[in-house]
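Here is the structure we will look at, set down as structure tokens.
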Amino acid sequence: MRLPATVPTWSRAWHGSDLGRELESWDPVRWQPTVLAHRCWLWITATRRRRWIFWGLVAFFVLVVMPVALGAVAGAQTDTDTARSGGNSVLGATDMRDSYGVPVWQYTYVTRDESIWHPMTTVWGAVLGFMCALFLLVVVLPIWAFDSAIDLSWLDWIRAPLSGAAGSLTAQIATTAMFFFFVTLGSLIVAYFVARGFFAKASFQVATLLILASLSALFLRDPLEEVFSPHGMMAQGRDVGLSVAAGLNGDNHANPSAVAETMQENMVDNFVRHPLQVWNFGHIVDQRPGCANAWSSGILAGSDSQVKKGLKACNDSAAASAADNPGMGQVGAGLVLLFLMLFGIMPFFGYMAIKIVWSGLDSIYWGFMGLFGFAAGGYVYGPTQTFTIRSVVHGFFSFFRMAAEIIFVSVVALIENEMLKQAKGRETAVLFITAVVMIVAFLQAKRFTANLDRGNEWIANRFALAVQNGGSRAGGGSGGGGTALGMGQFGAGHKMSGMGMLALMGGASTIANSPLTEWMMMGLPGSFHPQSRMKKAMAKAQGGVWVDEGRFGGARGWYAMSYMNREFFSRTAAEEAEAYGGLDTYFGNAGAAYGVIRRNGGSSGDAFGAMLGAGAQDERMARISANSVETIRNAAAATPLRDADLSFVAAAVHQVENSSRLVVSGTGTPAQRQRYVEETAAHIGTLEQAVREYRAFRSGGVALDGGATSGYRPQLHYVQEYMNLISTDPHRAGRMMQALEEVAVGTPYNRNPTNPLVNERMALRLANVDADTAVRMKQWIVNENALNLETAFDNLRGDVTNVQSHRNMRDAAHTATRVRYQMEGGTGALPVMVTPSGGNPANPNWGPGMAPVNRAIGN
């Protein structure tokens, strides 16, 4: 909708923008990384097309973009690294190594050298080599992601821009004037508490103001120092987690960096090196004396033959034989291994890597949110102070959550390490069990992180309640229930749906919609609403019509009168239907539709709406009846007669006969046959309206022969003879009508024997027929046809299964149209509008076939 020209261009642009609507209901938690990611995920998965596009892009990135990017990084290493890497350059950038010091990017599937003399071996070797490369990508990348997450090296990429942004924001909002303003505002609230006798609340507020003022000097100096510092709380949280992990492994004096490296090497051994050996040789060659060094030396040298020689030297000829004879079994084992790793084991490490990074990003986010609290909002009692407390609690809790997540992964990795150590020849079975354990760990990890989020919210709420209630217990129960002012729906954590800060926004809405505020804002409705100017312009534009123009509104105004036709149609339909059996009958509906369409110029849609407005319940019957009248009206307009009423009768008879033949034929599906029955019943109802209308204006009362009722009456004899001849000798009847027409228009009498009408003119002369009498005789003929039509229809309505009644109806309509055709000066053959009966044998199926129609019309 376009805004009026009176609204400034800048205002229209602001009101129509997404930014304006977003700022109208601003909620900072909606832009927290976890909540934002959840909203994006809901948008992506909303439709099937988006899901297909998203997963297609993910597959393209994993299979094409990431390998190319990592390959480019690996290719940019030093000359020494390039010379040393003879394996997968895509994984070279990860710099992942096992506990023997062998880089994972040099891992390969050992098999026989390619040879044209062993084509199948060459094919199997190529397939297994490709599968090995895919296996390494699937397994190594999640382990590398987890190792990089706990290494915190990713913070170096965002340290400079975010620290600069935090410093600039602090310089803008942490001003002396803003500090004194909000401290003064907080002091006024303390004074209010003292005046009301809330001394505990006042004391807690004073303590809170002093604590916040003391901490703000430290926090605002460098808001993100604890996040990015190598010795900050994020690094401390990581170190605590790694230290606990080292303790679980029996090392009570471990260096966190060494623990991280050891954990990475153990994961490479358990999930890359050993599974690859089981796949390649059928067992773990590291368990045999000397074979571990032999395999490592051959892999470092990039020589399959050296690996096999080393295995033979350590008396593991079975492994060397398996390498020389690749086959379908090894391909199947590789597929199973890929499946286990891709869907059972690796998702856990990838998910936890994301959650650990997420914890770090949460601490950064709440660090930015804390700026507003320490600079201003934290000194004011209520929702803004609660938000500051939440920011501090969330920020500190992010470090604890990172430590807890690292401990969780360490425990799971320890369990997996012990399980694989105890395999001893049952490596494949243990891998299946390991996959199940990892799936359970993945599901439990989601619950674990959700519980951490709920605990985070609970702690923030308890702190806020303590400050707001002056240290007293809230909620009245031993469980310490209740929600602090300003928490509101924040308790939903990362499941936020835009309901945060409900109390604060409710108060703002009350102020914005106050009449006093609107007066102060020069009559702007909604005052602070982004679209308030547009609403004012709309109200002014509408008021110019509804208020300034008195004739437009009101019960009798132009607007109400423009819809009076609906009331007129509805009442007409009710009255017409009542005269012919009521609504929800075919004859009553036909009367309603005929009154709206034929008498008052409406359409089938108008008739349908009028019947429903008058109280019709059967919408299908009403629709079919309205369509019947509309169809017959259109057909009548195409007839050559100038008599519109007779044209409508002829068209109705034609429609009744056509639809009746369809019913009797029994063709079509059951639904189509039922439709034919309903249409035939509706056409019969319309035919009644047409006949009654035709008869109503041609009801008789024409006296001939001076009103004589006995004796020889030549004028009556003339018209009766015409009516008899119109069917048996239409040519002579035509001459009689021409003679009567000549008398009516005053054509002089021509006695010439060559005149074809000399006999008819003589008969009229002898009957003392003048011009007025000729007109009366023509009207008598028309009235007689109307009577015949009415009689024929009454017989048809009484029993539509009687084929003879249909024939009589057609003959009566045919005669009436022939008479009208001759009266209007038509000569020659009569245009076929209604087919007369021909005396052929009746269809034996007519009676049974028309029985449903007979029941439909109430017979």
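Ordering of the structure tokens sets the chain letters (A, B, ...); residue numbers start at 1 within each chain; ligands are numbered from 1 in the order shown.
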
Next on the checklist: Excluding segment 417-434 of chain A and its own-chain neighbours fewer than 5 positions away, which residues fall within 9 Å of it when counting only C-alpha atoms? Please give them as a list in words.
Outcome noted: Asn266, Met267, Asn270, His274, Pro275, Val278, Trp279, Gly282, His283, Ile284, Gln287, Leu337, Leu340, Gly344, Ile345, Val412 and Ile439 of chain A

Next on the checklist: List the spatial neighbours of Asn768 of chain A as a PyMOL selection string - criterion: any atom at most 9 Å away, only C-alpha atoms, same-chain residues fewer than 6 positions off excluded.
Outcome noted: chain A and resi 705+714-715

Could you dump the residues just selected with all heavy atoms as a compact mmCIF listing (two decimals), in the first residue's frame?
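File written: again28.txt
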# COMPACT_ATOMS: atom_id res chain seq x y z
N ASP A 705 -66.85 -10.77 -31.89
CA ASP A 705 -68.23 -10.79 -32.41
C ASP A 705 -69.16 -9.98 -31.53
O ASP A 705 -70.31 -10.37 -31.25
CB ASP A 705 -68.76 -12.22 -32.53
CG ASP A 705 -67.94 -13.04 -33.52
OD1 ASP A 705 -67.88 -12.66 -34.69
OD2 ASP A 705 -67.31 -14.04 -33.06
N PRO A 714 -68.59 -15.30 -36.71
CA PRO A 714 -67.56 -15.42 -37.75
C PRO A 714 -66.15 -15.05 -37.27
O PRO A 714 -65.17 -15.64 -37.73
CB PRO A 714 -68.06 -14.46 -38.82
CG PRO A 714 -68.94 -13.49 -38.11
CD PRO A 714 -69.60 -14.28 -37.02
N GLN A 715 -66.04 -14.05 -36.40
CA GLN A 715 -64.69 -13.67 -35.95
C GLN A 715 -64.06 -14.80 -35.12
O GLN A 715 -62.87 -15.13 -35.30
CB GLN A 715 -64.77 -12.39 -35.12
CG GLN A 715 -65.25 -11.18 -35.92
CD GLN A 715 -65.46 -9.96 -35.06
OE1 GLN A 715 -65.20 -9.97 -33.86
NE2 GLN A 715 -65.97 -8.87 -35.67

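You can rank A:Asn280, A:Gln542, A:Gln804, A:Ser243 by their closest distance to Ala403 of chain A using only C-alpha atoms, and at the top of that list sits A:Ser243.
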
Next on the checklist: Just checking: using only C-alpha atoms, which residue out of A:Asn456, A:Ser398, A:Ser604, A:Ser99 ends up closest to Asp286 of chain A?
Outcome noted: A:Ser99

Checklist entry - So which one's closest to Phe193 of chain A, A:Gln205, A:Asn658, A:Thr680, A:Ser297? Using only C-alpha atoms, please. => result A:Gln205

Interface rows for segment 636-695 of chain A against segment 617-622 of chain A: nearest pair, Å to one decimal, 10 Å, only C-alpha atoms, as JSON lines:
{"residue": "A:Glu678", "atom": "CA", "partner": "A:Met621", "partner_atom": "CA", "distance": 7.7}
{"residue": "A:Glu679", "atom": "CA", "partner": "A:Met621", "partner_atom": "CA", "distance": 9.2}
{"residue": "A:Ala681", "atom": "CA", "partner": "A:Met621", "partner_atom": "CA", "distance": 9.9}
{"residue": "A:Ala682", "atom": "CA", "partner": "A:Met621", "partner_atom": "CA", "distance": 8.2}

Next on the checklist: For Phe569 of chain A, find every residue with an atom within 12 Å (counting only C-alpha atoms), except residues of its own chain fewer than 3 positions away, and show them as a ChimeraX atom specification.
Outcome noted: /A:563-566,572-577,592-614

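Here the question is which of A:Gly685, A:Gly554, A:Pro753, A:Gly382 gets nearest to Phe793 of chain A using only C-alpha atoms, and that residue is A:Gly685.
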
Checklist entry - Per DSSP on the backbone, what are the alpha helix (DSSP H) residues of segment 614-717 of chain A, as an MDAnalysis selection string? => result chainID A and resid 614 619:636 644:665 670:696 714:717

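Between atom CA of Asp794 of chain A and atom CA of Pro836 of chain A the separation is 18.3 Å.
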
Item to check | Nearest residue to Arg818 of chain A from the set A:Ser391, A:Thr747, A:Asn795, A:Ser727 (distances using only C-alpha atoms) | outcome: A:Ser727
